[in-house]
$ cat work03.csv   # CSV, C-alpha atoms and all ligand atoms
chain,number,residue,atom,x,y,z
A,1,MET,CA,14.3,-25.4,-20.0
A,2,MET,CA,12.7,-25.7,-16.6
A,3,LYS,CA,10.9,-22.7,-15.3
A,4,ASN,CA,8.5,-21.8,-12.5
A,5,SER,CA,5.2,-21.6,-14.2
A,6,ARG,CA,3.8,-19.5,-11.3
A,7,ILE,CA,5.5,-16.5,-12.9
A,8,GLU,CA,2.7,-16.5,-15.6
A,9,HIS,CA,0.4,-15.1,-12.9
A,10,LEU,CA,2.5,-11.9,-12.6
A,11,PHE,CA,1.8,-10.9,-16.2
A,12,ASP,CA,-1.6,-9.9,-15.0
A,13,TYR,CA,0.0,-6.5,-14.1
A,14,PRO,CA,-2.5,-3.6,-14.0
A,15,PHE,CA,-0.3,-1.2,-15.9
A,16,GLN,CA,0.4,-3.7,-18.6
A,17,LYS,CA,-3.3,-4.2,-19.0
A,18,LEU,CA,-3.8,-0.5,-19.2
A,19,ALA,CA,-1.2,-0.1,-22.0
A,20,LYS,CA,-3.1,-2.8,-24.0
A,21,LEU,CA,-6.5,-1.1,-23.4
A,22,LEU,CA,-5.2,2.2,-24.7
A,23,GLU,CA,-3.2,0.7,-27.6
A,24,GLY,CA,-3.8,2.6,-30.9
A,25,LEU,CA,-5.7,5.6,-29.2
A,26,THR,CA,-4.2,9.0,-29.8
A,27,PRO,CA,-5.3,11.8,-27.4
A,28,PRO,CA,-6.0,15.3,-29.0
A,29,ALA,CA,-2.8,17.0,-30.0
A,30,ASP,CA,-3.8,20.4,-28.5
A,31,LEU,CA,-4.4,19.0,-25.0
A,32,LYS,CA,-1.5,18.5,-22.5
A,33,PRO,CA,-1.6,14.8,-21.5
A,34,LEU,CA,-2.3,14.4,-17.8
A,35,LEU,CA,-1.2,11.1,-16.3
A,36,MET,CA,-3.5,10.4,-13.4
A,37,HIS,CA,-3.2,6.6,-13.5
A,38,LEU,CA,-0.1,6.3,-11.4
A,39,GLY,CA,0.1,6.8,-7.7
A,40,GLU,CA,3.4,8.6,-7.8
A,41,PRO,CA,3.7,11.6,-5.5
A,42,GLN,CA,4.7,14.7,-7.5
A,43,LEU,CA,5.8,17.0,-4.7
A,44,SER,CA,9.5,17.3,-3.9
A,45,PRO,CA,10.8,15.8,-0.6
A,46,PRO,CA,12.3,18.4,1.8
A,47,SER,CA,15.7,19.8,0.8
A,48,PHE,CA,17.4,18.3,3.9
A,49,VAL,CA,17.2,14.9,2.2
A,50,ALA,CA,19.8,15.9,-0.4
A,51,ASP,CA,21.8,17.7,2.3
A,52,THR,CA,21.9,14.7,4.6
A,53,MET,CA,22.8,12.4,1.7
A,54,ALA,CA,25.7,14.7,0.7
A,55,SER,CA,27.0,15.0,4.3
A,56,ASN,CA,27.1,11.1,4.4
A,57,GLN,CA,28.7,10.6,1.0
A,58,ASP,CA,31.8,9.0,2.5
A,59,LEU,CA,29.5,6.0,3.3
A,60,TRP,CA,28.7,5.0,-0.2
A,61,ASN,CA,31.6,2.6,-0.4
A,62,ARG,CA,30.4,0.6,2.7
A,63,TYR,CA,28.2,-2.4,2.7
A,64,PRO,CA,25.2,-1.7,4.9
A,65,SER,CA,23.8,-4.2,7.3
A,66,ALA,CA,20.4,-5.6,6.8
A,67,ARG,CA,19.5,-4.4,10.3
A,68,GLY,CA,20.3,-0.8,9.4
A,69,THR,CA,21.8,1.7,11.9
A,70,VAL,CA,21.0,2.7,15.5
A,71,ASP,CA,20.2,6.2,14.2
A,72,PHE,CA,17.6,4.9,11.7
A,73,ARG,CA,16.0,2.4,14.0
A,74,GLY,CA,15.8,5.0,16.8
A,75,ALA,CA,14.2,7.7,14.6
A,76,ALA,CA,11.7,5.3,13.1
A,77,THR,CA,10.8,3.9,16.6
A,78,ASN,CA,10.4,7.4,18.0
A,79,TRP,CA,8.0,8.3,15.1
A,80,LEU,CA,5.9,5.2,15.9
A,81,ILE,CA,5.7,6.2,19.5
A,82,ARG,CA,4.8,9.8,18.6
A,83,ARG,CA,2.3,9.0,15.8
A,84,PHE,CA,0.5,6.1,17.5
A,85,ARG,CA,1.0,7.2,21.2
A,86,LEU,CA,2.7,3.9,22.0
A,87,PRO,CA,4.2,3.0,25.4
A,88,THR,CA,7.9,3.7,25.0
A,89,ALA,CA,9.0,0.1,25.7
A,90,MET,CA,6.6,-1.6,23.3
A,91,VAL,CA,8.8,-1.4,20.2
A,92,ALA,CA,12.5,-2.2,20.9
A,93,PRO,CA,14.4,-0.7,18.0
A,94,GLU,CA,17.1,-3.4,18.0
A,95,ARG,CA,14.7,-6.3,18.1
A,96,ASN,CA,11.3,-5.3,16.6
A,97,LEU,CA,12.2,-3.2,13.6
A,98,LEU,CA,14.0,-3.8,10.2
A,99,PRO,CA,14.6,-1.2,7.5
A,100,LEU,CA,13.4,-2.0,4.0
A,101,PRO,CA,14.3,-0.5,0.6
A,102,GLY,CA,10.7,0.7,0.2
A,103,THR,CA,8.0,-1.6,1.5
A,104,LYS,CA,7.1,-3.4,-1.7
A,105,GLU,CA,10.0,-5.9,-1.5
A,106,GLY,CA,9.4,-6.7,2.1
A,107,ILE,CA,5.7,-7.1,1.6
A,108,PHE,CA,6.5,-9.6,-1.2
A,109,GLN,CA,9.1,-11.4,0.9
A,110,LEU,CA,6.9,-11.8,3.9
A,111,ALA,CA,4.9,-14.5,2.1
A,112,GLN,CA,8.1,-16.5,1.8
A,113,LEU,CA,8.5,-16.4,5.5
A,114,ALA,CA,4.9,-16.9,6.4
A,115,VAL,CA,3.8,-19.6,4.0
A,116,PRO,CA,4.9,-23.1,4.8
A,117,GLY,CA,6.4,-25.3,2.1
A,118,PRO,CA,4.6,-28.6,1.0
A,119,GLU,CA,6.6,-30.6,3.6
A,120,ASP,CA,4.9,-28.6,6.4
A,121,TRP,CA,1.4,-28.4,5.0
A,122,ILE,CA,-1.1,-29.3,7.7
A,123,GLY,CA,-3.2,-32.3,6.6
A,124,GLY,CA,-1.7,-31.9,3.1
A,125,GLU,CA,-3.7,-28.8,2.4
A,126,GLN,CA,-2.4,-25.9,0.4
A,127,PRO,CA,-2.0,-22.8,2.6
A,128,ALA,CA,-4.0,-19.7,1.8
A,129,VAL,CA,-3.1,-16.0,1.7
A,130,LEU,CA,-6.1,-13.7,2.1
A,131,MET,CA,-6.5,-10.1,0.8
A,132,SER,CA,-9.2,-7.7,-0.2
A,133,ASN,CA,-10.7,-7.6,-3.6
A,134,PRO,CA,-9.8,-5.0,-5.1
A,135,THR,CA,-6.2,-5.5,-4.0
A,136,TYR,CA,-2.7,-4.3,-4.3
A,137,HIS,CA,-1.3,-6.5,-7.0
A,138,VAL,CA,1.9,-7.2,-5.1
A,139,TYR,CA,-0.1,-9.1,-2.4
A,140,LYS,CA,-1.5,-11.5,-5.0
A,141,GLY,CA,1.9,-11.9,-6.7
A,142,ALA,CA,3.5,-12.7,-3.3
A,143,ALA,CA,0.9,-15.3,-2.5
A,144,VAL,CA,1.3,-17.1,-5.8
A,145,MET,CA,5.1,-17.1,-5.8
A,146,SER,CA,5.1,-18.5,-2.2
A,147,GLY,CA,3.0,-21.5,-3.3
A,148,ALA,CA,-0.1,-20.4,-1.5
A,149,GLU,CA,-3.6,-20.1,-2.8
A,150,PRO,CA,-4.5,-16.4,-3.0
A,151,ILE,CA,-8.1,-15.8,-1.8
A,152,LEU,CA,-9.7,-12.5,-2.5
A,153,VAL,CA,-12.4,-11.3,-0.2
A,154,PRO,CA,-14.8,-8.7,-1.6
A,155,ALA,CA,-14.4,-5.1,-0.3
A,156,THR,CA,-17.4,-3.4,-1.8
A,157,ALA,CA,-19.1,0.0,-1.2
A,158,GLU,CA,-21.9,-1.7,0.8
A,159,ARG,CA,-19.3,-2.7,3.5
A,160,ASN,CA,-17.4,0.6,3.4
A,161,PHE,CA,-14.8,-1.2,1.2
A,162,LEU,CA,-13.6,-3.4,4.1
A,163,PRO,CA,-13.2,-7.1,3.5
A,164,ASP,CA,-15.1,-9.3,6.0
A,165,PHE,CA,-12.3,-11.8,6.8
A,166,GLU,CA,-14.4,-13.2,9.7
A,167,ALA,CA,-17.0,-14.4,7.3
A,168,VAL,CA,-14.5,-16.6,5.4
A,169,GLY,CA,-15.2,-20.2,6.4
A,170,ARG,CA,-13.4,-21.9,9.3
A,171,ASP,CA,-11.8,-24.5,6.9
A,172,VAL,CA,-10.1,-21.6,5.0
A,173,LEU,CA,-9.1,-19.7,8.1
A,174,ASN,CA,-7.5,-22.9,9.5
A,175,ARG,CA,-5.2,-23.1,6.4
A,176,THR,CA,-4.5,-19.4,6.3
A,177,ALA,CA,-0.9,-18.4,6.6
A,178,LEU,CA,-1.1,-14.7,6.0
A,179,ILE,CA,-3.6,-11.9,5.5
A,180,TYR,CA,-2.6,-8.6,3.8
A,181,LEU,CA,-4.6,-5.5,4.8
A,182,CYS,CA,-3.9,-2.1,3.3
A,183,ASN,CA,-5.1,0.5,5.8
A,184,PRO,CA,-5.9,3.2,4.7
A,185,SER,CA,-6.7,1.3,1.6
A,186,ASN,CA,-5.5,1.6,-2.0
A,187,PRO,CA,-7.5,2.1,-4.1
A,188,GLN,CA,-10.6,3.2,-2.2
A,189,GLY,CA,-9.0,5.3,0.6
A,190,THR,CA,-11.2,3.7,3.3
A,191,VAL,CA,-10.0,3.6,6.9
A,192,ALA,CA,-10.5,0.5,9.1
A,193,ASP,CA,-11.4,1.5,12.7
A,194,ARG,CA,-10.0,0.3,16.0
A,195,ASP,CA,-12.7,-2.3,16.4
A,196,TYR,CA,-12.1,-3.8,12.9
A,197,LEU,CA,-8.4,-4.0,13.5
A,198,GLY,CA,-8.8,-5.5,16.9
A,199,ARG,CA,-11.1,-8.2,15.5
A,200,LEU,CA,-8.7,-9.0,12.8
A,201,ILE,CA,-5.8,-9.4,15.2
A,202,ALA,CA,-7.9,-11.6,17.5
A,203,LEU,CA,-8.8,-13.7,14.4
A,204,ALA,CA,-5.1,-14.1,13.5
A,205,ARG,CA,-4.3,-15.2,17.1
A,206,ARG,CA,-7.2,-17.7,17.1
A,207,HIS,CA,-6.2,-19.3,13.8
A,208,ASN,CA,-2.5,-18.7,14.2
A,209,PHE,CA,-1.7,-16.8,11.0
A,210,ILE,CA,0.2,-13.5,10.4
A,211,VAL,CA,-1.5,-10.2,9.5
A,212,ALA,CA,0.5,-7.8,7.4
A,213,PHE,CA,-0.8,-4.3,8.0
A,214,ASP,CA,0.3,-2.2,5.1
A,215,GLU,CA,0.1,1.3,6.5
A,216,CYS,CA,2.0,3.3,3.8
A,217,TYR,CA,-0.9,5.7,3.4
A,218,THR,CA,-1.4,6.3,7.1
A,219,GLU,CA,0.0,9.9,7.0
A,220,ILE,CA,-2.2,10.9,4.0
A,221,TYR,CA,-5.5,11.7,5.6
A,222,ARG,CA,-8.1,14.5,5.5
A,223,GLU,CA,-9.3,15.0,9.1
A,224,ASN,CA,-8.6,12.3,11.5
A,225,ALA,CA,-5.3,10.4,11.7
A,226,PRO,CA,-6.1,6.7,11.0
A,227,THR,CA,-5.6,4.3,13.9
A,228,GLY,CA,-2.5,2.1,13.4
A,229,ALA,CA,-2.4,-1.6,14.1
A,230,LEU,CA,0.3,-1.0,16.7
A,231,GLU,CA,-2.0,1.3,18.7
A,232,VAL,CA,-4.5,-1.6,18.8
A,233,CYS,CA,-1.8,-4.0,19.9
A,234,ALA,CA,-0.9,-1.6,22.7
A,235,ALA,CA,-4.5,-1.5,23.8
A,236,LEU,CA,-4.6,-5.3,23.8
A,237,GLY,CA,-1.6,-5.6,26.1
A,238,GLY,CA,1.4,-4.7,23.9
A,239,SER,CA,2.2,-8.1,22.3
A,240,LEU,CA,3.1,-8.1,18.6
A,241,GLU,CA,2.2,-11.8,18.2
A,242,ASN,CA,0.8,-12.6,14.7
A,243,VAL,CA,1.2,-8.9,13.6
A,244,THR,CA,3.6,-7.2,11.2
A,245,VAL,CA,3.3,-3.6,10.2
A,246,PHE,CA,4.8,-1.9,7.2
A,247,HIS,CA,5.6,1.9,7.0
A,248,SER,CA,7.1,3.8,4.1
A,249,LEU,CA,8.5,7.2,3.3
A,250,SER,CA,7.2,7.0,-0.3
A,251,LYS,CA,3.9,8.8,0.4
A,252,ARG,CA,4.5,10.4,3.8
A,253,SER,CA,7.6,12.2,2.6
A,254,SER,CA,7.0,12.3,-1.1
A,255,SER,CA,10.1,10.2,-1.5
A,256,ALA,CA,9.2,7.2,-3.6
A,257,GLY,CA,12.6,7.3,-5.3
A,258,LEU,CA,14.5,7.1,-2.0
A,259,ARG,CA,13.3,3.5,-1.5
A,260,SER,CA,12.9,3.6,2.2
A,261,GLY,CA,10.5,2.0,4.7
A,262,PHE,CA,10.5,-0.5,7.5
A,263,VAL,CA,8.7,-3.4,9.0
A,264,VAL,CA,7.8,-4.0,12.7
A,265,GLY,CA,7.2,-7.4,14.2
A,266,GLU,CA,8.1,-9.9,16.9
A,267,PRO,CA,11.8,-10.5,17.4
A,268,ALA,CA,11.7,-14.1,16.1
A,269,LEU,CA,10.0,-12.9,12.9
A,270,ILE,CA,12.4,-9.9,12.5
A,271,ASP,CA,15.4,-12.2,13.0
A,272,ALA,CA,14.1,-14.5,10.2
A,273,PHE,CA,13.3,-11.5,8.0
A,274,ALA,CA,16.8,-10.1,8.5
A,275,MET,CA,18.3,-13.5,7.6
A,276,LEU,CA,16.2,-13.8,4.4
A,277,ARG,CA,17.1,-10.2,3.5
A,278,SER,CA,20.8,-10.7,4.2
A,279,THR,CA,20.7,-13.7,1.9
A,280,GLY,CA,18.8,-12.3,-1.0
A,281,GLY,CA,17.5,-8.8,-0.4
A,282,ALA,CA,18.7,-5.3,-1.3
A,283,VAL,CA,19.7,-3.6,1.9
A,284,VAL,CA,19.2,0.1,2.4
A,285,PRO,CA,22.5,2.1,1.8
A,286,LEU,CA,23.9,4.1,4.7
A,287,PRO,CA,23.4,7.6,3.2
A,288,VAL,CA,19.8,6.6,2.5
A,289,LEU,CA,19.3,5.4,6.1
A,290,ALA,CA,20.7,8.8,7.3
A,291,ALA,CA,18.3,10.8,5.2
A,292,SER,CA,15.5,8.5,6.2
A,293,ALA,CA,16.2,9.0,9.9
A,294,ALA,CA,16.0,12.7,9.3
A,295,LEU,CA,12.7,12.4,7.6
A,296,TRP,CA,11.2,10.2,10.4
A,297,ARG,CA,12.4,12.8,12.9
A,298,ASP,CA,10.6,15.6,11.2
A,299,ASP,CA,6.8,15.9,11.1
A,300,ARG,CA,6.5,19.4,9.6
A,301,HIS,CA,7.2,18.4,6.0
A,302,ALA,CA,4.7,15.5,6.4
A,303,ASP,CA,2.1,18.0,7.6
A,304,ARG,CA,2.8,20.2,4.6
A,305,ILE,CA,2.4,17.2,2.2
A,306,ARG,CA,-0.8,16.2,3.9
A,307,ALA,CA,-2.2,19.7,3.5
A,308,HIS,CA,-1.4,19.6,-0.2
A,309,TYR,CA,-3.5,16.4,-0.6
A,310,THR,CA,-6.3,17.9,1.5
A,311,ALA,CA,-6.4,20.9,-0.8
A,312,LEU,CA,-6.6,18.6,-3.9
A,313,PHE,CA,-9.5,16.6,-2.4
A,314,ASP,CA,-11.3,19.8,-1.5
A,315,MET,CA,-10.8,20.8,-5.2
A,316,ALA,CA,-12.1,17.4,-6.4
A,317,GLU,CA,-15.2,17.9,-4.2
A,318,ARG,CA,-15.8,21.3,-5.7
A,319,ILE,CA,-15.5,20.0,-9.2
A,320,LEU,CA,-17.0,16.5,-9.0
A,321,GLY,CA,-19.0,16.7,-5.8
A,322,ASN,CA,-22.4,16.7,-7.4
A,323,ARG,CA,-21.8,13.5,-9.5
A,324,THR,CA,-23.5,10.4,-8.3
A,325,GLY,CA,-20.4,8.3,-8.3
A,326,PHE,CA,-18.3,10.7,-6.2
A,327,TYR,CA,-17.3,10.3,-2.6
A,328,LYS,CA,-14.4,12.0,-0.8
A,329,PRO,CA,-12.2,9.3,0.7
A,330,PRO,CA,-11.1,10.0,4.3
A,331,ALA,CA,-7.5,9.0,3.4
A,332,GLY,CA,-5.0,8.1,0.6
A,333,PHE,CA,-4.6,10.0,-2.6
A,334,PHE,CA,-6.9,8.2,-5.0
A,335,LEU,CA,-10.4,9.0,-6.2
A,336,TRP,CA,-12.3,5.8,-6.7
A,337,LEU,CA,-15.0,7.0,-9.0
A,338,ASP,CA,-18.0,5.0,-10.0
A,339,VAL,CA,-18.5,5.6,-13.7
A,340,ALA,CA,-20.6,2.5,-14.4
A,341,ASP,CA,-18.1,1.1,-16.9
A,342,GLY,CA,-14.4,1.7,-15.9
A,343,GLU,CA,-12.8,0.4,-19.1
A,344,THR,CA,-15.0,2.5,-21.4
A,345,ALA,CA,-14.4,5.7,-19.3
A,346,THR,CA,-10.7,5.1,-19.3
A,347,ARG,CA,-10.6,4.8,-23.1
A,348,ASP,CA,-12.8,7.8,-23.6
A,349,LEU,CA,-10.9,10.0,-21.2
A,350,TRP,CA,-7.6,9.2,-22.9
A,351,ARG,CA,-8.8,9.4,-26.5
A,352,ASP,CA,-11.0,12.6,-26.1
A,353,TYR,CA,-9.6,14.4,-23.1
A,354,ALA,CA,-5.9,13.3,-22.8
A,355,VAL,CA,-6.5,12.2,-19.2
A,356,LYS,CA,-5.0,8.8,-18.3
A,357,THR,CA,-6.8,7.0,-15.5
A,358,ILE,CA,-6.9,3.2,-14.9
A,359,PRO,CA,-10.0,0.9,-14.8
A,360,GLY,CA,-10.8,-0.3,-11.3
A,361,ALA,CA,-11.3,-3.8,-12.7
A,362,TYR,CA,-7.5,-4.1,-13.1
A,363,PHE,CA,-7.0,-4.0,-9.4
A,364,ALA,CA,-9.7,-6.6,-8.8
A,365,TYR,CA,-10.7,-10.1,-9.9
A,366,PRO,CA,-14.1,-11.7,-10.7
A,367,ASP,CA,-15.8,-13.1,-7.6
A,368,PRO,CA,-15.8,-16.9,-7.8
A,369,MET,CA,-19.4,-17.0,-6.6
A,370,THR,CA,-21.0,-14.3,-8.7
A,371,GLY,CA,-18.5,-13.9,-11.5
A,372,GLU,CA,-18.6,-10.1,-10.9
A,373,ASN,CA,-15.5,-8.0,-10.8
A,374,PRO,CA,-16.1,-5.5,-7.9
A,375,GLY,CA,-13.9,-2.9,-9.6
A,376,SER,CA,-15.5,-2.9,-13.0
A,377,ARG,CA,-17.8,0.1,-12.4
A,378,TYR,CA,-14.8,2.3,-11.2
A,379,ILE,CA,-11.8,4.2,-12.4
A,380,ARG,CA,-8.9,5.1,-10.1
A,381,ILE,CA,-7.7,8.6,-10.4
A,382,ALA,CA,-4.4,9.5,-8.7
A,383,LEU,CA,-4.6,13.0,-7.2
A,384,VAL,CA,-0.9,13.6,-6.9
A,385,HIS,CA,-0.1,16.5,-9.2
A,386,GLU,CA,0.5,20.2,-8.5
A,387,GLY,CA,-2.7,22.2,-8.2
A,388,ASP,CA,-2.9,23.4,-11.9
A,389,ASP,CA,-2.6,20.0,-13.5
A,390,ALA,CA,-4.9,18.4,-11.0
A,391,GLU,CA,-7.5,21.0,-11.6
A,392,LYS,CA,-7.3,20.7,-15.4
A,393,GLY,CA,-7.6,16.9,-15.1
A,394,LEU,CA,-10.6,17.1,-12.8
A,395,MET,CA,-12.3,19.7,-15.0
A,396,ARG,CA,-11.9,17.4,-18.0
A,397,ILE,CA,-13.3,14.5,-16.1
A,398,ALA,CA,-16.3,16.6,-15.1
A,399,ASP,CA,-16.8,17.6,-18.7
A,400,TYR,CA,-16.7,14.0,-19.8
A,401,LEU,CA,-19.1,12.9,-17.1
A,402,GLY,CA,-21.6,15.7,-18.0
A,403,ASP,CA,-24.3,16.8,-15.6
K,501,LIG,C1,-0.8,-0.4,-1.2
K,501,LIG,C2,0.6,-0.2,-1.4
K,501,LIG,N1,1.5,-0.8,-0.6
K,501,LIG,C3,2.8,-0.7,-0.7
K,501,LIG,C4,3.3,0.1,-1.7
K,501,LIG,C5,4.8,0.1,-1.8
K,501,LIG,O1,5.4,1.3,-1.5
K,501,LIG,P1,6.9,1.5,-1.4
K,501,LIG,O2,7.6,0.3,-1.8
K,501,LIG,O3,7.3,2.7,-2.2
K,501,LIG,O4,7.1,1.7,0.1
K,501,LIG,C6,2.5,0.8,-2.5
K,501,LIG,C7,3.1,1.7,-3.5
K,501,LIG,O5,2.4,2.3,-4.4
K,501,LIG,C8,1.1,0.7,-2.3
K,501,LIG,O6,0.2,1.4,-3.1

$ encode --input "work03.csv" --output "structure tokens"
Amino acid sequence: MMKNSRIEHLFDYPFQKLAKLLEGLTPPADLKPLLMHLGEPQLSPPSFVADTMASNQDLWNRYPSARGTVDFRGAATNWLIRRFRLPTAMVAPERNLLPLPGTKEGIFQLAQLAVPGPEDWIGGEQPAVLMSNPTYHVYKGAAVMSGAEPILVPATAERNFLPDFEAVGRDVLNRTALIYLCNPSNPQGTVADRDYLGRLIALARRHNFIVAFDECYTEIYRENAPTGALEVCAALGGSLENVTVFHSLSKRSSSAGLRSGFVVGEPALIDAFAMLRSTGGAVVPLPVLAASAALWRDDRHADRIRAHYTALFDMAERILGNRTGFYKPPAGFFLWLDVADGETATRDLWRDYAVKTIPGAYFAYPDPMTGENPGSRYIRIALVHEGDDAEKGLMRIADYLGD
């Protein structure tokens, strides 16, 4: 049977590796298992989500359009204008914005739009897709399945966990089709500033590739609201050339199960995206679009959710603040904790303390120059639980780490 052998690369899935690492280990029976490996928000979304879905239940029998509704596009655009202080005419809801069933699928599909097939390779060279190392595994999967070479650029503590894409050689940049940047980043919770974002957009325009700004954590911050790529585009004159931006309700509104997000880009790219999605994508159902519009219109629940994470990170600082590997990330909901050997700590924490975390190495790949995996010293801890469970988990981790 013929098959696409690229699929083999996807079996590198972080959570599959974790299951293998923990195989055969049994946590103590008297301890409640605390699952801190998964970045799944545990708070409930506001009750008006269910109410809005119920009041739109007559729409379940209708096929939605890939373009969504006027109501959804308007609410999402107004949120962008409010949150990023954009000029009102910069994002045209009908031309620049497309709803997505959560952003993961769109992030994956963008590589199919951006990466040329062999018939269009410039000078016969395989196109490249760049991303940080550690990375979100979907970026790498998208690059591989589109036929591009994934190139992972180190994002280590010495550089505030930001990849230096400008330092990648000109030969690579000239065959780059797409760069994925998660900002604020998963897993480290680092925030790229205005200058960094501006330089990346300028680089994309110079070498004519697309940057996908994945901003699904932009509402989960401690003190200062992270700058968005669209704000920087506005400051550079308002063009969306070479830029796409992804936003999601999964973290902002604690609504991962709703599967709702959107992408912003130039009209030609949004048209192509809509065509790709009409052909082979799941479109967002009309009652979900109605509930999503209500969520984008409301900032109060997002403030409440943000305050919840701020309290959890204050708690983490109280409990773990004096450990050498600890730092409090300015955004996101993960602790990226330097424990010297992430795999050993993950096994020990599960076997002896019933706390499930995930080795940082599973989000990263060995550097081709040094052979070092930039995640291997770390574990990733998702701070997404209600206060009691989060506190228990952090106390057990502190106990394991000792003084
Ligand atoms: C970095 C990053 N990007 C994108 C996503 C996709 O989120 P969703 O599809 O729920 O919008 C996630 C989800 O965990 C993520 O961590």

$ closest_atom_pairs --input "work03.csv" --of "chain A" --to "ligand LIG 501 (chain K)" --cutoff "8 Å" --atoms "all atoms listed in the file" --output "JSON lines"
{"residue": "A:Gly39", "atom": "CA", "partner": "K:LIG501", "partner_atom": "O5", "distance": 6.0}
{"residue": "A:Glu40", "atom": "CA", "partner": "K:LIG501", "partner_atom": "O5", "distance": 7.2}
{"residue": "A:Pro101", "atom": "CA", "partner": "K:LIG501", "partner_atom": "O2", "distance": 7.2}
{"residue": "A:Gly102", "atom": "CA", "partner": "K:LIG501", "partner_atom": "O2", "distance": 3.7}
{"residue": "A:Thr103", "atom": "CA", "partner": "K:LIG501", "partner_atom": "O4", "distance": 3.7}
{"residue": "A:Lys104", "atom": "CA", "partner": "K:LIG501", "partner_atom": "O2", "distance": 3.7}
{"residue": "A:Glu105", "atom": "CA", "partner": "K:LIG501", "partner_atom": "O2", "distance": 6.7}
{"residue": "A:Ile107", "atom": "CA", "partner": "K:LIG501", "partner_atom": "C3", "distance": 7.4}
{"residue": "A:Thr135", "atom": "CA", "partner": "K:LIG501", "partner_atom": "C1", "distance": 7.9}
{"residue": "A:Tyr136", "atom": "CA", "partner": "K:LIG501", "partner_atom": "C1", "distance": 5.3}
{"residue": "A:Val138", "atom": "CA", "partner": "K:LIG501", "partner_atom": "N1", "distance": 7.8}
{"residue": "A:Cys182", "atom": "CA", "partner": "K:LIG501", "partner_atom": "C1", "distance": 5.7}
{"residue": "A:Ser185", "atom": "CA", "partner": "K:LIG501", "partner_atom": "C1", "distance": 6.7}
{"residue": "A:Asn186", "atom": "CA", "partner": "K:LIG501", "partner_atom": "C1", "distance": 5.2}
{"residue": "A:Pro187", "atom": "CA", "partner": "K:LIG501", "partner_atom": "C1", "distance": 7.7}
{"residue": "A:Asp214", "atom": "CA", "partner": "K:LIG501", "partner_atom": "N1", "distance": 6.0}
{"residue": "A:Glu215", "atom": "CA", "partner": "K:LIG501", "partner_atom": "N1", "distance": 7.5}
{"residue": "A:Cys216", "atom": "CA", "partner": "K:LIG501", "partner_atom": "N1", "distance": 6.0}
{"residue": "A:Tyr217", "atom": "CA", "partner": "K:LIG501", "partner_atom": "C1", "distance": 7.6}
{"residue": "A:His247", "atom": "CA", "partner": "K:LIG501", "partner_atom": "O4", "distance": 7.1}
{"residue": "A:Ser248", "atom": "CA", "partner": "K:LIG501", "partner_atom": "O4", "distance": 4.5}
{"residue": "A:Leu249", "atom": "CA", "partner": "K:LIG501", "partner_atom": "O4", "distance": 6.5}
{"residue": "A:Ser250", "atom": "CA", "partner": "K:LIG501", "partner_atom": "O3", "distance": 4.7}
{"residue": "A:Lys251", "atom": "CA", "partner": "K:LIG501", "partner_atom": "O3", "distance": 7.5}
{"residue": "A:Ala256", "atom": "CA", "partner": "K:LIG501", "partner_atom": "O3", "distance": 5.1}
{"residue": "A:Gly257", "atom": "CA", "partner": "K:LIG501", "partner_atom": "O3", "distance": 7.7}
{"residue": "A:Arg259", "atom": "CA", "partner": "K:LIG501", "partner_atom": "O3", "distance": 6.1}
{"residue": "A:Ser260", "atom": "CA", "partner": "K:LIG501", "partner_atom": "O4", "distance": 6.5}
{"residue": "A:Gly261", "atom": "CA", "partner": "K:LIG501", "partner_atom": "O4", "distance": 5.7}

$ closest_residue --input "work03.csv" --among "A:Arg252, A:Arg73, A:Arg194, A:Arg323" --to "A:Ile397" --atoms "all atoms listed in the file"
A:Arg323

$ residues_near_point --input "work03.csv" --point "(5.8, 15.6, -3.7)" --cutoff "10 Å" --atoms "only C-alpha atoms" --output "PDB file with C-alpha atoms, keeping the file's coordinate frame"
ATOM      1  CA  GLU A  40       3.400   8.600  -7.800  1.00  0.00           C
ATOM      2  CA  PRO A  41       3.700  11.600  -5.500  1.00  0.00           C
ATOM      3  CA  GLN A  42       4.700  14.700  -7.500  1.00  0.00           C
ATOM      4  CA  LEU A  43       5.800  17.000  -4.700  1.00  0.00           C
ATOM      5  CA  SER A  44       9.500  17.300  -3.900  1.00  0.00           C
ATOM      6  CA  PRO A  45      10.800  15.800  -0.600  1.00  0.00           C
ATOM      7  CA  PRO A  46      12.300  18.400   1.800  1.00  0.00           C
ATOM      8  CA  SER A 250       7.200   7.000  -0.300  1.00  0.00           C
ATOM      9  CA  LYS A 251       3.900   8.800   0.400  1.00  0.00           C
ATOM     10  CA  ARG A 252       4.500  10.400   3.800  1.00  0.00           C
ATOM     11  CA  SER A 253       7.600  12.200   2.600  1.00  0.00           C
ATOM     12  CA  SER A 254       7.000  12.300  -1.100  1.00  0.00           C
ATOM     13  CA  SER A 255      10.100  10.200  -1.500  1.00  0.00           C
ATOM     14  CA  ALA A 256       9.200   7.200  -3.600  1.00  0.00           C
ATOM     15  CA  ARG A 304       2.800  20.200   4.600  1.00  0.00           C
ATOM     16  CA  ILE A 305       2.400  17.200   2.200  1.00  0.00           C
ATOM     17  CA  HIS A 308      -1.400  19.600  -0.200  1.00  0.00           C
ATOM     18  CA  TYR A 309      -3.500  16.400  -0.600  1.00  0.00           C
ATOM     19  CA  VAL A 384      -0.900  13.600  -6.900  1.00  0.00           C
ATOM     20  CA  HIS A 385      -0.100  16.500  -9.200  1.00  0.00           C
ATOM     21  CA  GLU A 386       0.500  20.200  -8.500  1.00  0.00           C
TER      22      GLU A 386
END

$ closest_residue --input "work03.csv" --among "A:Leu289, A:Ile81, A:Val49, A:Leu31" --to "A:Pro93" --atoms "all atoms listed in the file"
A:Ile81
